[in-house]
file work_2.pdb (PDB, C-alpha atoms and all ligand atoms)
ATOM      1  CA  MET A   1    -234.402-144.409-149.467
ATOM      2  CA  GLY A   2    -231.263-145.329-151.315
ATOM      3  CA  ALA A   3    -229.155-142.911-149.311
ATOM      4  CA  ASN A   4    -225.511-143.531-148.920
ATOM      5  CA  PRO A   5    -225.245-145.508-145.640
ATOM      6  CA  SER A   6    -221.917-143.985-144.632
ATOM      7  CA  ALA A   7    -223.235-140.454-145.272
ATOM      8  CA  SER A   8    -226.289-141.043-143.091
ATOM      9  CA  ALA A   9    -224.093-142.519-140.355
ATOM     10  CA  GLU A  10    -221.947-139.405-140.546
ATOM     11  CA  ARG A  11    -225.050-137.225-140.263
ATOM     12  CA  ARG A  12    -226.147-139.196-137.221
ATOM     13  CA  THR A  13    -222.760-138.708-135.569
ATOM     14  CA  ARG A  14    -222.867-134.990-136.296
ATOM     15  CA  ARG A  15    -226.376-134.766-134.881
ATOM     16  CA  SER A  16    -225.562-136.682-131.697
ATOM     17  CA  GLY A  17    -222.465-134.473-131.295
ATOM     18  CA  ARG A  18    -224.707-131.406-131.501
ATOM     19  CA  ALA A  19    -227.151-132.912-128.963
ATOM     20  CA  GLY A  20    -224.261-133.639-126.588
ATOM     21  CA  ARG A  21    -222.985-130.067-126.867
ATOM     22  CA  PHE A  22    -226.517-128.732-126.265
ATOM     23  CA  ALA A  23    -226.890-130.890-123.134
ATOM     24  CA  ALA A  24    -223.490-129.757-121.855
ATOM     25  CA  VAL A  25    -224.258-126.061-122.424
ATOM     26  CA  THR A  26    -227.657-126.423-120.727
ATOM     27  CA  GLY A  27    -226.055-128.237-117.789
ATOM     28  CA  ILE A  28    -223.341-125.593-117.364
ATOM     29  CA  ALA A  29    -225.902-122.768-117.661
ATOM     30  CA  GLY A  30    -228.092-124.421-115.003
ATOM     31  CA  ALA A  31    -225.179-125.024-112.624
ATOM     32  CA  THR A  32    -223.893-121.444-113.116
ATOM     33  CA  THR A  33    -227.338-119.970-112.390
ATOM     34  CA  LEU A  34    -227.525-122.046-109.237
ATOM     35  CA  LEU A  35    -224.049-121.045-108.077
ATOM     36  CA  LEU A  36    -224.400-117.358-108.929
ATOM     37  CA  SER A  37    -227.749-117.090-107.149
ATOM     38  CA  GLY A  38    -225.887-118.145-103.969
ATOM     39  CA  CYS A  39    -228.370-120.872-103.103
ATOM     40  CA  SER A  40    -227.217-123.463-100.600
ATOM     41  CA  THR A  41    -228.120-127.108-101.098
ATOM     42  CA  GLU A  42    -230.654-126.751 -98.309
ATOM     43  CA  GLU A  43    -232.277-123.787-100.032
ATOM     44  CA  VAL A  44    -232.372-125.593-103.357
ATOM     45  CA  LEU A  45    -233.986-128.633-101.753
ATOM     46  CA  ARG A  46    -236.523-126.335-100.086
ATOM     47  CA  PHE A  47    -238.009-125.627-103.566
ATOM     48  CA  GLY A  48    -239.363-122.263-102.409
ATOM     49  CA  TRP A  49    -240.907-123.611 -99.207
ATOM     50  CA  PRO A  50    -240.744-120.891 -96.500
ATOM     51  CA  GLU A  51    -238.682-121.434 -93.365
ATOM     52  CA  GLY A  52    -240.633-122.430 -90.273
ATOM     53  CA  ILE A  53    -239.672-122.570 -86.620
ATOM     54  CA  THR A  54    -241.424-125.757 -85.497
ATOM     55  CA  PRO A  55    -240.944-129.524 -86.030
ATOM     56  CA  GLN A  56    -244.368-129.424 -87.692
ATOM     57  CA  ALA A  57    -243.052-126.933 -90.257
ATOM     58  CA  GLU A  58    -240.005-129.154 -90.881
ATOM     59  CA  GLN A  59    -242.201-132.184 -91.544
ATOM     60  CA  MET A  60    -244.261-130.157 -94.000
ATOM     61  CA  MET A  61    -241.058-129.074 -95.729
ATOM     62  CA  ASP A  62    -239.916-132.687 -96.028
ATOM     63  CA  LEU A  63    -243.258-133.575 -97.612
ATOM     64  CA  TRP A  64    -242.915-130.643-100.006
ATOM     65  CA  THR A  65    -239.311-131.546-100.905
ATOM     66  CA  GLY A  66    -240.240-135.199-101.489
ATOM     67  CA  SER A  67    -243.240-134.235-103.623
ATOM     68  CA  ALA A  68    -241.185-131.748-105.656
ATOM     69  CA  ILE A  69    -238.450-134.335-106.291
ATOM     70  CA  ALA A  70    -241.060-136.945-107.267
ATOM     71  CA  ALA A  71    -242.646-134.424-109.647
ATOM     72  CA  LEU A  72    -239.227-133.610-111.143
ATOM     73  CA  VAL A  73    -238.428-137.298-111.666
ATOM     74  CA  VAL A  74    -241.756-137.775-113.448
ATOM     75  CA  GLY A  75    -241.146-134.546-115.385
ATOM     76  CA  VAL A  76    -237.660-135.534-116.529
ATOM     77  CA  PHE A  77    -238.928-138.992-117.529
ATOM     78  CA  VAL A  78    -241.796-137.483-119.545
ATOM     79  CA  TRP A  79    -239.540-134.875-121.190
ATOM     80  CA  GLY A  80    -237.139-137.693-122.043
ATOM     81  CA  LEU A  81    -239.937-139.706-123.634
ATOM     82  CA  ILE A  82    -241.143-136.663-125.577
ATOM     83  CA  PHE A  83    -237.694-135.853-126.961
ATOM     84  CA  TRP A  84    -236.959-139.488-127.662
ATOM     85  CA  ALA A  85    -240.230-139.807-129.640
ATOM     86  CA  VAL A  86    -239.617-136.510-131.452
ATOM     87  CA  ILE A  87    -236.131-137.558-132.543
ATOM     88  CA  ARG A  88    -236.681-141.289-133.038
ATOM     89  CA  TYR A  89    -239.899-140.931-135.008
ATOM     90  CA  ARG A  90    -239.241-137.706-136.903
ATOM     91  CA  LYS A  91    -240.244-137.722-140.561
ATOM     92  CA  LYS A  92    -237.518-139.453-142.517
ATOM     93  CA  SER A  93    -239.321-140.033-145.797
ATOM     94  CA  ASP A  94    -242.751-139.761-147.375
ATOM     95  CA  GLU A  95    -243.346-143.417-146.640
ATOM     96  CA  LEU A  96    -246.212-143.976-144.166
ATOM     97  CA  PRO A  97    -244.851-145.364-140.869
ATOM     98  CA  THR A  98    -246.070-148.725-139.548
ATOM     99  CA  GLN A  99    -249.580-148.199-138.197
ATOM    100  CA  THR A 100    -250.159-149.723-134.755
ATOM    101  CA  ARG A 101    -253.442-150.008-132.829
ATOM    102  CA  PHE A 102    -252.807-150.519-129.151
ATOM    103  CA  ASN A 103    -250.306-151.857-126.689
ATOM    104  CA  LEU A 104    -252.073-153.395-123.716
ATOM    105  CA  PRO A 105    -249.082-153.795-121.346
ATOM    106  CA  ILE A 106    -248.067-150.138-121.826
ATOM    107  CA  GLU A 107    -251.658-148.933-121.370
ATOM    108  CA  ILE A 108    -251.999-150.907-118.135
ATOM    109  CA  LEU A 109    -248.646-149.535-117.010
ATOM    110  CA  TYR A 110    -249.511-145.876-117.626
ATOM    111  CA  THR A 111    -252.827-146.311-115.833
ATOM    112  CA  ALA A 112    -251.382-148.153-112.831
ATOM    113  CA  VAL A 113    -248.264-146.013-112.295
ATOM    114  CA  PRO A 114    -250.151-142.685-111.759
ATOM    115  CA  PHE A 115    -252.414-144.429-109.238
ATOM    116  CA  LEU A 116    -249.335-145.696-107.452
ATOM    117  CA  ILE A 117    -247.838-142.184-107.404
ATOM    118  CA  ILE A 118    -251.096-140.724-106.028
ATOM    119  CA  ALA A 119    -251.252-143.456-103.357
ATOM    120  CA  VAL A 120    -247.697-142.720-102.194
ATOM    121  CA  LEU A 121    -248.299-138.938-102.136
ATOM    122  CA  PHE A 122    -251.581-139.480-100.278
ATOM    123  CA  TYR A 123    -249.899-141.712 -97.717
ATOM    124  CA  TYR A 124    -247.164-139.209 -96.875
ATOM    125  CA  THR A 125    -249.644-136.307 -96.861
ATOM    126  CA  ALA A 126    -251.843-138.184 -94.371
ATOM    127  CA  VAL A 127    -248.837-138.983 -92.165
ATOM    128  CA  VAL A 128    -247.649-135.356 -92.070
ATOM    129  CA  GLN A 129    -251.173-133.976 -91.619
ATOM    130  CA  THR A 130    -251.750-136.277 -88.656
ATOM    131  CA  PHE A 131    -248.455-135.141 -87.140
ATOM    132  CA  VAL A 132    -249.242-131.434 -87.639
ATOM    133  CA  ASP A 133    -252.781-131.808 -86.307
ATOM    134  CA  LYS A 134    -251.849-133.997 -83.341
ATOM    135  CA  GLN A 135    -252.862-132.861 -79.867
ATOM    136  CA  LYS A 136    -251.374-134.518 -76.826
ATOM    137  CA  ALA A 137    -253.196-135.276 -73.588
ATOM    138  CA  ASN A 138    -250.918-133.017 -71.575
ATOM    139  CA  PRO A 139    -249.324-130.112 -73.419
ATOM    140  CA  ASP A 140    -246.662-128.155 -71.507
ATOM    141  CA  LEU A 141    -248.535-124.886 -71.832
ATOM    142  CA  THR A 142    -252.046-123.827 -72.808
ATOM    143  CA  VAL A 143    -252.632-120.394 -74.285
ATOM    144  CA  SER A 144    -256.100-119.056 -74.816
ATOM    145  CA  VAL A 145    -256.539-116.931 -77.945
ATOM    146  CA  VAL A 146    -259.582-114.669 -78.039
ATOM    147  CA  ALA A 147    -260.231-112.811 -81.276
ATOM    148  CA  PHE A 148    -262.516-109.821 -81.579
ATOM    149  CA  LYS A 149    -263.102-106.984 -84.009
ATOM    150  CA  TRP A 150    -260.262-105.951 -84.464
ATOM    151  CA  ASN A 151    -257.690-107.221 -82.072
ATOM    152  CA  TRP A 152    -256.580-110.128 -79.926
ATOM    153  CA  GLN A 153    -256.531-111.147 -76.314
ATOM    154  CA  PHE A 154    -254.122-113.808 -75.088
ATOM    155  CA  LEU A 155    -254.625-115.517 -71.746
ATOM    156  CA  TYR A 156    -252.720-118.138 -69.770
ATOM    157  CA  PRO A 157    -255.672-119.975 -68.183
ATOM    158  CA  GLU A 158    -253.480-121.958 -65.787
ATOM    159  CA  GLU A 159    -251.665-118.903 -64.442
ATOM    160  CA  LEU A 160    -253.738-116.763 -62.079
ATOM    161  CA  ASP A 161    -252.921-113.315 -60.739
ATOM    162  CA  GLN A 162    -253.566-112.053 -57.215
ATOM    163  CA  GLU A 163    -257.260-111.605 -58.027
ATOM    164  CA  ARG A 164    -257.518-115.223 -59.184
ATOM    165  CA  GLN A 165    -257.934-114.099 -62.786
ATOM    166  CA  PRO A 166    -255.918-115.646 -65.613
ATOM    167  CA  ILE A 167    -253.038-113.407 -66.602
ATOM    168  CA  GLY A 168    -252.807-112.229 -70.176
ATOM    169  CA  THR A 169    -252.488-109.439 -72.663
ATOM    170  CA  VAL A 170    -255.065-107.584 -74.688
ATOM    171  CA  GLY A 171    -254.327-105.518 -77.777
ATOM    172  CA  SER A 172    -255.623-102.016 -78.334
ATOM    173  CA  SER A 173    -255.330 -99.354 -80.992
ATOM    174  CA  GLU A 174    -252.239 -98.086 -79.149
ATOM    175  CA  GLU A 175    -250.646-101.418 -78.332
ATOM    176  CA  ILE A 176    -249.870-104.504 -80.365
ATOM    177  CA  PRO A 177    -250.599-107.550 -78.206
ATOM    178  CA  VAL A 178    -247.434-109.574 -77.641
ATOM    179  CA  LEU A 179    -247.997-113.278 -77.037
ATOM    180  CA  VAL A 180    -245.032-114.531 -75.024
ATOM    181  CA  VAL A 181    -244.312-118.257 -75.304
ATOM    182  CA  PRO A 182    -241.393-120.502 -74.361
ATOM    183  CA  THR A 183    -239.294-122.432 -76.874
ATOM    184  CA  GLY A 184    -238.867-126.183 -76.565
ATOM    185  CA  GLU A 185    -242.278-126.672 -74.946
ATOM    186  CA  ARG A 186    -245.415-128.033 -76.462
ATOM    187  CA  ILE A 187    -247.962-125.216 -76.610
ATOM    188  CA  ARG A 188    -251.687-125.663 -77.124
ATOM    189  CA  PHE A 189    -253.422-122.680 -78.672
ATOM    190  CA  VAL A 190    -257.135-122.709 -77.761
ATOM    191  CA  GLU A 191    -259.102-120.299 -79.906
ATOM    192  CA  THR A 192    -262.435-118.549 -79.413
ATOM    193  CA  SER A 193    -264.042-115.569 -81.088
ATOM    194  CA  ASN A 194    -266.263-112.893 -79.577
ATOM    195  CA  ASP A 195    -267.944-111.819 -82.793
ATOM    196  CA  VAL A 196    -267.124-112.970 -86.314
ATOM    197  CA  ILE A 197    -264.818-115.548 -87.857
ATOM    198  CA  HIS A 198    -261.142-114.621 -87.610
ATOM    199  CA  SER A 199    -258.090-116.739 -88.280
ATOM    200  CA  PHE A 200    -255.046-117.028 -86.035
ATOM    201  CA  TRP A 201    -252.001-116.995 -88.270
ATOM    202  CA  VAL A 202    -248.324-116.814 -87.411
ATOM    203  CA  PRO A 203    -246.578-117.137 -90.776
ATOM    204  CA  ALA A 204    -243.416-118.490 -89.082
ATOM    205  CA  LEU A 205    -245.432-121.454 -87.742
ATOM    206  CA  LEU A 206    -246.542-122.121 -91.336
ATOM    207  CA  PHE A 207    -249.941-122.729 -89.847
ATOM    208  CA  LYS A 208    -253.235-120.948 -89.391
ATOM    209  CA  ARG A 209    -256.510-122.000 -87.862
ATOM    210  CA  ASP A 210    -259.887-120.285 -87.996
ATOM    211  CA  VAL A 211    -261.294-118.712 -84.849
ATOM    212  CA  ILE A 212    -265.042-119.239 -84.988
ATOM    213  CA  PRO A 213    -267.703-117.748 -82.687
ATOM    214  CA  GLY A 214    -269.527-120.382 -80.649
ATOM    215  CA  ARG A 215    -266.836-122.947 -81.251
ATOM    216  CA  THR A 216    -263.490-123.761 -79.692
ATOM    217  CA  ASN A 217    -260.692-124.639 -82.076
ATOM    218  CA  SER A 218    -257.227-125.623 -81.039
ATOM    219  CA  PHE A 219    -253.865-126.760 -82.307
ATOM    220  CA  GLU A 220    -250.447-127.490 -80.877
ATOM    221  CA  ALA A 221    -246.936-126.537 -81.844
ATOM    222  CA  THR A 222    -243.465-126.577 -80.332
ATOM    223  CA  ILE A 223    -241.082-123.778 -81.209
ATOM    224  CA  ASN A 224    -237.624-125.203 -81.756
ATOM    225  CA  PRO A 225    -235.025-124.251 -79.122
ATOM    226  CA  GLY A 226    -232.703-121.686 -80.661
ATOM    227  CA  GLU A 227    -235.556-120.019 -82.521
ATOM    228  CA  GLU A 228    -236.124-117.393 -79.829
ATOM    229  CA  GLY A 229    -237.290-114.179 -81.428
ATOM    230  CA  ALA A 230    -240.205-112.053 -82.529
ATOM    231  CA  TYR A 231    -242.617-113.287 -85.168
ATOM    232  CA  VAL A 232    -245.469-111.320 -86.641
ATOM    233  CA  GLY A 233    -248.979-112.718 -86.367
ATOM    234  CA  ARG A 234    -251.995-111.796 -88.447
ATOM    235  CA  CYS A 235    -255.680-112.421 -88.906
ATOM    236  CA  ALA A 236    -256.082-114.526 -92.035
ATOM    237  CA  GLU A 237    -259.857-114.416 -92.397
ATOM    238  CA  LEU A 238    -261.553-111.337 -93.856
ATOM    239  CA  CYS A 239    -263.417-110.143 -90.759
ATOM    240  CA  GLY A 240    -264.295-106.537 -91.529
ATOM    241  CA  THR A 241    -262.986-103.005 -91.993
ATOM    242  CA  TYR A 242    -259.750-103.329 -90.009
ATOM    243  CA  HIS A 243    -259.065-106.975 -90.799
ATOM    244  CA  ALA A 244    -255.771-106.132 -92.496
ATOM    245  CA  ASN A 245    -254.558-104.334 -89.356
ATOM    246  CA  MET A 246    -255.392-107.110 -86.912
ATOM    247  CA  ASN A 247    -251.760-107.867 -86.175
ATOM    248  CA  PHE A 248    -250.056-109.289 -83.122
ATOM    249  CA  GLU A 249    -246.631-110.570 -82.225
ATOM    250  CA  LEU A 250    -245.506-113.994 -81.091
ATOM    251  CA  ARG A 251    -242.465-113.600 -78.860
ATOM    252  CA  ALA A 252    -240.572-116.826 -78.356
ATOM    253  CA  VAL A 253    -238.258-116.742 -75.338
ATOM    254  CA  THR A 254    -236.309-119.363 -73.388
ATOM    255  CA  SER A 255    -238.153-121.334 -70.667
ATOM    256  CA  GLU A 256    -236.248-119.436 -67.944
ATOM    257  CA  LYS A 257    -237.255-116.066 -69.354
ATOM    258  CA  PHE A 258    -240.811-117.293 -69.796
ATOM    259  CA  ASP A 259    -241.036-118.347 -66.141
ATOM    260  CA  GLN A 260    -239.728-114.933 -65.078
ATOM    261  CA  PHE A 261    -242.266-113.255 -67.370
ATOM    262  CA  ILE A 262    -245.143-115.257 -65.856
ATOM    263  CA  ALA A 263    -243.922-114.494 -62.329
ATOM    264  CA  ALA A 264    -243.778-110.764 -63.103
ATOM    265  CA  LYS A 265    -247.268-110.830 -64.620
ATOM    266  CA  LYS A 266    -248.617-112.741 -61.602
ATOM    267  CA  ALA A 267    -247.128-110.081 -59.359
ATOM    268  CA  GLY A 268    -249.220-107.522 -61.205
ATOM    269  CA  ALA A 269    -246.797-106.165 -63.815
ATOM    270  CA  SER A 270    -248.123-105.062 -67.202
ATOM    271  CA  THR A 271    -246.961-107.013 -70.245
ATOM    272  CA  TYR A 272    -244.815-103.987 -71.158
ATOM    273  CA  ASP A 273    -243.076-104.002 -67.769
ATOM    274  CA  ALA A 274    -242.794-107.785 -67.570
ATOM    275  CA  LEU A 275    -241.129-107.901 -71.001
ATOM    276  CA  GLU A 276    -238.749-105.140 -69.960
ATOM    277  CA  GLN A 277    -237.902-107.045 -66.767
ATOM    278  CA  ILE A 278    -236.809-110.128 -68.713
ATOM    279  CA  GLY A 279    -234.650-108.046 -71.050
ATOM    280  CA  GLU A 280    -237.012-108.217 -74.011
ATOM    281  CA  SER A 281    -238.340-105.368 -76.114
ATOM    282  CA  PRO A 282    -241.467-104.178 -74.274
ATOM    283  CA  VAL A 283    -243.264-103.410 -77.531
ATOM    284  CA  SER A 284    -243.796-105.291 -80.737
ATOM    285  CA  THR A 285    -240.799-105.176 -83.075
ATOM    286  CA  THR A 286    -242.434-106.809 -86.080
ATOM    287  CA  THR A 287    -245.481-104.604 -86.555
ATOM    288  CA  THR A 288    -246.951-101.308 -85.372
ATOM    289  CA  PRO A 289    -250.446-100.277 -84.227
ATOM    290  CA  PHE A 290    -252.712 -99.057 -87.009
ATOM    291  CA  LYS A 291    -253.997 -95.502 -87.381
ATOM    292  CA  THR A 292    -257.556 -95.190 -86.144
ATOM    293  CA  SER A 293    -258.019 -91.753 -87.657
ATOM    294  CA  ARG A 294    -259.205 -93.318 -90.888
ATOM    295  CA  THR A 295    -262.885 -92.585 -91.427
ATOM    296  CA  ALA A 296    -265.314 -94.529 -93.489
ATOM    297  CA  ARG A 297    -266.423 -92.862 -96.694
ATOM    298  CA  GLN A 298    -269.731 -91.150 -96.173
ATOM    299  CA  PRO A 299    -272.505 -91.638 -98.690
ATOM    300  CA  SER A 300    -272.826 -88.517-100.846
TER     301      SER A 300
HETATM  302 CU    CU B   1    -259.950-110.840 -87.942
END
call {"tool": "encode", "arguments": {"input": "work_2.pdb", "output": "structure tokens"}}
result
Amino acid sequence: MGANPSASAERRTRRSGRAGRFAAVTGIAGATTLLLSGCSTEEVLRFGWPEGITPQAEQMMDLWTGSAIAALVVGVFVWGLIFWAVIRYRKKSDELPTQTRFNLPIEILYTAVPFLIIAVLFYYTAVVQTFVDKQKANPDLTVSVVAFKWNWQFLYPEELDQERQPIGTVGSSEEIPVLVVPTGERIRFVETSNDVIHSFWVPALLFKRDVIPGRTNSFEATINPGEEGAYVGRCAELCGTYHANMNFELRAVTSEKFDQFIAAKKAGASTYDALEQIGESPVSTTTTPFKTSRTARQPS
């Protein structure tokens, strides 16, 4: 002790000046990085969450954004506490600091607050999960998804052709199956498997659901109007040799185009021709059929 009080005050001022400069430089560096990377506010608030094309995907993004902001608030608070403790209680002399034992109010607080945070996160997760998983009594369209080693068949069970059979599309080694669906309508995907467990996954829906033999799984989604386009679909469950090549395409079109497509299919057109008739690409534009020439390695 015994230091000159004015000298120590001066040191403090110098130190706080340095801390201020450091904070300013860090802030400017952060803002510059953000600006130079060309991120929009929306992209920043997405916190890396991929873009989806359904209201379900938007709800999940809101949950993600909220959780990320909550985590950042907690993070900034904790970092603040750490730096405050480091600076406030740094070693000033060889004198032993006041020894304390416990602080009941603070201990209760730091036990209760995390529980509160978990409860809030759990609540919003449950709300969003219920929304994503919700199935209505009367969806606008039902699509039947049949998975098999190693391709897909899509049927419209309510739409029958001239032979009273549901119209649909089946993939082959030459043709990627294109699942045509309308935007702005609630679609129920009903899944069955002919052999092993597959998983129906359209990354743009930000959703996948297993397709299990002997069981019928389903889910519903609405593709936002304005999101017409081609979206790749994949099998997301390791199902065998050609699992990685079990691709399909989800083709979202307007309701008018969809009705024309269904009419053409009912009249006996192939999916290729029906797509061409409605002015869509007759083949998949997001993925290509896999080469079947690959042979398994023979035991030597
Ligand atoms: Cu599969």
call {"tool": "resolve_selection", "arguments": {"input": "work_2.pdb", "expression": "the PyMOL selection byres (((chain A and resi 234-237) around 7) and not hetatm)", "output": "list in words"}}
result
Ile197, His198, Ser199, Phe200, Trp201, Val202, Val232, Gly233, Leu238, Cys239, His243, Met246, Asn247 and Phe248 of chain A
call {"tool": "write_last_selection", "arguments": {"input": "work_2.pdb", "atoms": "C-alpha atoms", "output": "compact mmCIF listing (two decimals), in the frame of the given file"}}
result
# COMPACT_ATOMS: atom_id res chain seq x y z
CA ILE A 197 -264.82 -115.55 -87.86
CA HIS A 198 -261.14 -114.62 -87.61
CA SER A 199 -258.09 -116.74 -88.28
CA PHE A 200 -255.05 -117.03 -86.04
CA TRP A 201 -252.00 -117.00 -88.27
CA VAL A 202 -248.32 -116.81 -87.41
CA VAL A 232 -245.47 -111.32 -86.64
CA GLY A 233 -248.98 -112.72 -86.37
CA LEU A 238 -261.55 -111.34 -93.86
CA CYS A 239 -263.42 -110.14 -90.76
CA HIS A 243 -259.06 -106.98 -90.80
CA MET A 246 -255.39 -107.11 -86.91
CA ASN A 247 -251.76 -107.87 -86.18
CA PHE A 248 -250.06 -109.29 -83.12
call {"tool": "resolve_selection", "arguments": {"input": "work_2.pdb", "expression": "the PyMOL selection byres (((chain A and resi 57) around 10) and not hetatm)", "output": "VMD selection string"}}
result
chain A and resid 49 to 56 58 to 63 128 132 204 to 207 221 to 223
call {"tool": "atom_distance", "arguments": {"input": "work_2.pdb", "atom1": "CA of Lys257 in chain A", "atom2": "CA of Gln277 in chain A"}}
result
9.4 Å
call {"tool": "residues_around", "arguments": {"input": "work_2.pdb", "residues": "range 213-218 of chain A", "least_positions_apart": "4", "cutoff": "6 Å", "atoms": "all atoms listed in the file", "output": "PyMOL selection string"}}
result
chain A and resi 189-195
call {"tool": "write_last_selection", "arguments": {"input": "work_2.pdb", "atoms": "C-alpha atoms", "output": "short mmCIF file (atom, residue, chain, number, x, y, z; two decimals), in the coordinates of the input"}}
result
data_model
loop_
_atom_site.label_atom_id
_atom_site.label_comp_id
_atom_site.auth_asym_id
_atom_site.auth_seq_id
_atom_site.Cartn_x
_atom_site.Cartn_y
_atom_site.Cartn_z
CA PHE A 189 -253.42 -122.68 -78.67
CA VAL A 190 -257.14 -122.71 -77.76
CA GLU A 191 -259.10 -120.30 -79.91
CA THR A 192 -262.44 -118.55 -79.41
CA SER A 193 -264.04 -115.57 -81.09
CA ASN A 194 -266.26 -112.89 -79.58
CA ASP A 195 -267.94 -111.82 -82.79
#
call {"tool": "atom_distance", "arguments": {"input": "work_2.pdb", "atom1": "CA of Gly66 in chain A", "atom2": "CA of Arg186 in chain A"}}
result
26.5 Å
call {"tool": "build_atoms", "arguments": {"input": "work_2.pdb", "residues": "range 89-103 of chain A", "atoms": "N, CA and C atoms", "output": "JSON list (two decimals), in the coordinates of the input"}}
result
[["chain", "number", "residue", "atom", "x", "y", "z"],
["A", 89, "TYR", "N", -238.84, -140.75, -134.02],
["A", 89, "TYR", "CA", -239.90, -140.93, -135.01],
["A", 89, "TYR", "C", -240.13, -139.69, -135.86],
["A", 90, "ARG", "N", -239.09, -138.88, -136.03],
["A", 90, "ARG", "CA", -239.24, -137.71, -136.90],
["A", 90, "ARG", "C", -239.44, -138.19, -138.34],
["A", 91, "LYS", "N", -239.97, -137.32, -139.17],
["A", 91, "LYS", "CA", -240.24, -137.72, -140.56],
["A", 91, "LYS", "C", -238.93, -137.92, -141.31],
["A", 92, "LYS", "N", -238.76, -139.17, -141.81],
["A", 92, "LYS", "CA", -237.52, -139.45, -142.52],
["A", 92, "LYS", "C", -237.76, -139.54, -144.02],
["A", 93, "SER", "N", -239.00, -139.93, -144.37],
["A", 93, "SER", "CA", -239.32, -140.03, -145.80],
["A", 93, "SER", "C", -240.82, -139.85, -145.94],
["A", 94, "ASP", "N", -241.32, -139.91, -147.16],
["A", 94, "ASP", "CA", -242.75, -139.76, -147.38],
["A", 94, "ASP", "C", -243.49, -141.07, -147.14],
["A", 95, "GLU", "N", -242.74, -142.11, -146.86],
["A", 95, "GLU", "CA", -243.35, -143.42, -146.64],
["A", 95, "GLU", "C", -244.14, -143.41, -145.33],
["A", 96, "LEU", "N", -245.37, -143.96, -145.37],
["A", 96, "LEU", "CA", -246.21, -143.98, -144.17],
["A", 96, "LEU", "C", -245.59, -144.91, -143.13],
["A", 97, "PRO", "N", -245.43, -144.47, -141.88],
["A", 97, "PRO", "CA", -244.85, -145.36, -140.87],
["A", 97, "PRO", "C", -245.78, -146.54, -140.58],
["A", 98, "THR", "N", -245.26, -147.56, -139.92],
["A", 98, "THR", "CA", -246.07, -148.72, -139.55],
["A", 98, "THR", "C", -247.22, -148.25, -138.66],
["A", 99, "GLN", "N", -248.43, -148.63, -138.99],
["A", 99, "GLN", "CA", -249.58, -148.20, -138.20],
["A", 99, "GLN", "C", -249.87, -149.24, -137.11],
["A", 100, "THR", "N", -249.87, -148.78, -135.85],
["A", 100, "THR", "CA", -250.16, -149.72, -134.76],
["A", 100, "THR", "C", -251.47, -149.33, -134.11],
["A", 101, "ARG", "N", -252.13, -150.29, -133.41],
["A", 101, "ARG", "CA", -253.44, -150.01, -132.83],
["A", 101, "ARG", "C", -253.34, -149.77, -131.33],
["A", 102, "PHE", "N", -252.90, -150.71, -130.60],
["A", 102, "PHE", "CA", -252.81, -150.52, -129.15],
["A", 102, "PHE", "C", -251.70, -151.40, -128.60],
["A", 103, "ASN", "N", -251.32, -151.06, -127.36],
["A", 103, "ASN", "CA", -250.31, -151.86, -126.69],
["A", 103, "ASN", "C", -250.77, -152.05, -125.25]]
